[in-house]
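Chemist: This is the structure I have questions about; it appears just below.
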Amino acid sequence: MTKTVLLTGGLGFIGSHTYVALVEAGYRVIILDDLSNAKASVQTRLAQITQQNEVRFYQGSVLDRGLLDRIFKQEDVTAVIHFAAKKAVGESTTDPIGYFETNISGLLNLLQAMKAAEVWNLVFSSSATVYGDATKVPTPEDSPLSSTNPYGYTKLAGEQILNQAAMADPWVFGILRYFNPVGAHPSGLIGEDPQDIPNNLVPYIAKVATGELSALQVFGDDYPTRDGTGERDYVHVMDLARGHVLSLGALLANGTSHTVNLGTGRAYSVLEVADAYEKASGRAVPRIIKPRRAGDVAISQADVTRAGQLLNFEARFDIHDMCQSSWHWISTGAQDAASDEPSGQ
Ligand code: UFG
C-alpha cells in the first residue's frame, strides 16, 4: 500500500529535492510550508519534475497546532520529515528567541500533534553544527556534542528532545546530521534561493559568477588546512535527498531509530570550491582575503561509515557535479521566473 509522508518545510531547498526523491521512490507526499523562506511557485516546478497534476500542499506553520491536527485527520500520514526550521547562524545570534520558537516550539508542537494522531515515525533535519569544534576529523556520530550559537543549540536540543521522548513513547526516528548541502536538481527547476545576500559559500560564489556580486570574500587564509582556507564536506542536495529516502525506508522497515551523518566523507577548501565553480561556469570568481569569520571552524568533514552501514548511503556526486548543477540553476534564471503562485489549502 502507498505510504503517505508529510514534509514540513517541503518547499524549501532540501525539502523540495526530497519531495522529488520520495515521489520517485513511490511515496505519496504532502507538504506543509509557511512560505517564510520558500516560494509558492516551487509547487508548479515539483509537479513538472514529478509529472503530477498537482502537489498536495497546506500553507501554514508547524506552530499552528490546529492545522497540524487537521492534516493528521485528513491525510493518512505514516511518517513525517521535519525540515521546517530557521537555519542562519548569524541571525540566530541576534534573534535567539525567534529561533527557539520556530525550531524548538515548532518541533514540540509537531511531536504533540503526531502523538495525538499516533504517528510515531519521524526524520529530523539536524546538522554537523552539533559537533561544535570537532575533536576528531572525519567526525563519527558518537563524538562529543556541543553548540556555539542559538541555531546550533536548537539542533542539539531537538536531538535530545527526540532521544528522551523515545524513552516514554514508541517513537522511531532518523536524525540526519547534514554537512554542507549544495547543488540543485539537474532540471534547473529547483535549487537554493536565498532571499538576500547569501551567507553560505556556494550561493555567494554563484552570485559572483553571474556578476551580481563583485568578489568572493575568503574568510581567513591562516587555518591549519591544505591551503589555509576553511575545509568543508560539501554534499550534493540530490544525494542528501536520497539519504532521506534511505533513512525513512530503514526506520519503517526496522522499527529502530538511527542518528547518521550525511556527507561525502571528503572536504574541499574555500579556494578549491571557487576553482571548481570557475571551471563549471566558465566565469571568473575573483577573491579577496578577509579576516576569519567569528565562530568558523577550520575543518568539518563527515565520517560516513555509519551512513554506509545503516542506510547503505554513499554520495554519488562530487564537487564538480555540485558546482555544475548550481550554475545550471542560477544561469537559467529559473529561480526568478516565479510568476504563477498556486495557493494552498
Ligand atoms: N566562506 C567564505 N566566504 C563566504 C562564505 C563562506 O570564505 O562568503 C567560507 C567559510 O568561512 C567556511 C566555508 O566557506 O570556511 C563554508 O561556509 P558556509 O557558510 O557555506 O557553511 P558553514 O560550514 O559555515 O555552515 C554550514 C551551515 C550551517 C551549519 C554549519 C555546520 O550553513 O547551518 O555548516 O554544519 F551550522
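Ordering of the C-alpha cells sets the chain letters (A, B, ...), residue numbers begin anew at 1 in every chain, and ligands are numbered from 1 in the order given.
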Which residues of chain A come within 7 Å of ligand 1, and for each one, what is the closest pair of atoms and their distance in Å to one decimal, counting only C-alpha atoms and all ligand atoms, sorted by chain and residue number, as JSON lines?

Modeler:
{"residue": "A:Lys87", "atom": "CA", "partner": "ligand 1", "partner_atom_place_in_ligand_line": "33 (O)", "distance": 5.5}
{"residue": "A:Ala88", "atom": "CA", "partner": "ligand 1", "partner_atom_place_in_ligand_line": "33 (O)", "distance": 6.0}
{"residue": "A:Val89", "atom": "CA", "partner": "ligand 1", "partner_atom_place_in_ligand_line": "33 (O)", "distance": 6.1}
{"residue": "A:Ser127", "atom": "CA", "partner": "ligand 1", "partner_atom_place_in_ligand_line": "35 (O)", "distance": 5.0}
{"residue": "A:Ala128", "atom": "CA", "partner": "ligand 1", "partner_atom_place_in_ligand_line": "35 (O)", "distance": 3.7}
{"residue": "A:Thr129", "atom": "CA", "partner": "ligand 1", "partner_atom_place_in_ligand_line": "31 (C)", "distance": 3.8}
{"residue": "A:Gly152", "atom": "CA", "partner": "ligand 1", "partner_atom_place_in_ligand_line": "36 (F)", "distance": 6.2}
{"residue": "A:Tyr178", "atom": "CA", "partner": "ligand 1", "partner_atom_place_in_ligand_line": "35 (O)", "distance": 6.6}
{"residue": "A:Phe179", "atom": "CA", "partner": "ligand 1", "partner_atom_place_in_ligand_line": "35 (O)", "distance": 5.1}
{"residue": "A:Asn180", "atom": "CA", "partner": "ligand 1", "partner_atom_place_in_ligand_line": "34 (O)", "distance": 5.3}
{"residue": "A:Asn199", "atom": "CA", "partner": "ligand 1", "partner_atom_place_in_ligand_line": "19 (O)", "distance": 5.5}
{"residue": "A:Asn200", "atom": "CA", "partner": "ligand 1", "partner_atom_place_in_ligand_line": "20 (O)", "distance": 3.4}
{"residue": "A:Leu201", "atom": "CA", "partner": "ligand 1", "partner_atom_place_in_ligand_line": "5 (C)", "distance": 3.8}
{"residue": "A:Val202", "atom": "CA", "partner": "ligand 1", "partner_atom_place_in_ligand_line": "20 (O)", "distance": 6.3}
{"residue": "A:Tyr204", "atom": "CA", "partner": "ligand 1", "partner_atom_place_in_ligand_line": "8 (O)", "distance": 5.8}
{"residue": "A:Leu216", "atom": "CA", "partner": "ligand 1", "partner_atom_place_in_ligand_line": "8 (O)", "distance": 5.9}
{"residue": "A:Gln217", "atom": "CA", "partner": "ligand 1", "partner_atom_place_in_ligand_line": "3 (N)", "distance": 4.9}
{"residue": "A:Val218", "atom": "CA", "partner": "ligand 1", "partner_atom_place_in_ligand_line": "7 (O)", "distance": 3.5}
{"residue": "A:Phe219", "atom": "CA", "partner": "ligand 1", "partner_atom_place_in_ligand_line": "7 (O)", "distance": 3.9}
{"residue": "A:Gly220", "atom": "CA", "partner": "ligand 1", "partner_atom_place_in_ligand_line": "7 (O)", "distance": 6.8}
{"residue": "A:Thr229", "atom": "CA", "partner": "ligand 1", "partner_atom_place_in_ligand_line": "15 (O)", "distance": 6.5}
{"residue": "A:Gly230", "atom": "CA", "partner": "ligand 1", "partner_atom_place_in_ligand_line": "15 (O)", "distance": 3.7}
{"residue": "A:Glu231", "atom": "CA", "partner": "ligand 1", "partner_atom_place_in_ligand_line": "15 (O)", "distance": 5.8}
{"residue": "A:Arg232", "atom": "CA", "partner": "ligand 1", "partner_atom_place_in_ligand_line": "23 (O)", "distance": 6.1}
{"residue": "A:Val270", "atom": "CA", "partner": "ligand 1", "partner_atom_place_in_ligand_line": "14 (O)", "distance": 5.3}
{"residue": "A:Arg292", "atom": "CA", "partner": "ligand 1", "partner_atom_place_in_ligand_line": "11 (O)", "distance": 6.7}
{"residue": "A:Arg293", "atom": "CA", "partner": "ligand 1", "partner_atom_place_in_ligand_line": "11 (O)", "distance": 5.8}
{"residue": "A:Asp296", "atom": "CA", "partner": "ligand 1", "partner_atom_place_in_ligand_line": "11 (O)", "distance": 5.9}
{"residue": "A:Ala298", "atom": "CA", "partner": "ligand 1", "partner_atom_place_in_ligand_line": "15 (O)", "distance": 6.8}

Chemist: Can you list, as a PyMOL selection string, every protein, DNA or RNA residue that comes within 9 Å of Thr2 of chain A when you count only C-alpha atoms, leaving out same-chain residues fewer than 4 positions away?

Modeler: chain A and resi 26-28

Chemist: Using only C-alpha atoms, which of A:Lys155, A:Arg306, A:Lys290, A:Lys115 sits nearest Val130 of chain A?

Modeler: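 Residue with the minimum atom-to-atom distance to Val130 of chain A: A:Lys155.
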
Chemist: For a test of reading the model, state the distance in Å between atom CA of Pro286 of chain A and atom CA of Phe317 of chain A, rounded to one decimal.

Modeler: 25.5 Å

Chemist: For a quick check of understanding, using only C-alpha atoms, which of A:Val260, A:Leu22, A:Ala117, A:Ala274 has the smallest distance to Asn312 of chain A?

Modeler: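 Of all the options, A:Val260 lies closest to Asn312 of chain A.
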
Chemist: Would you please work out which residue, of A:Val29, A:Ala206, A:Ala267, A:Ala85, is nearest to Gly9 of chain A when using only C-alpha atoms?

Modeler: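 The answer is A:Ala85, which sits nearest to Gly9 of chain A.
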
Chemist: Report the residues of segment 245-339 of chain A whose backbone DSSP state falls under helix (DSSP H, G or I), written as a PyMOL selection string.

Modeler: chain A and resi 245-254+270-281+305-311+319-331+334-336
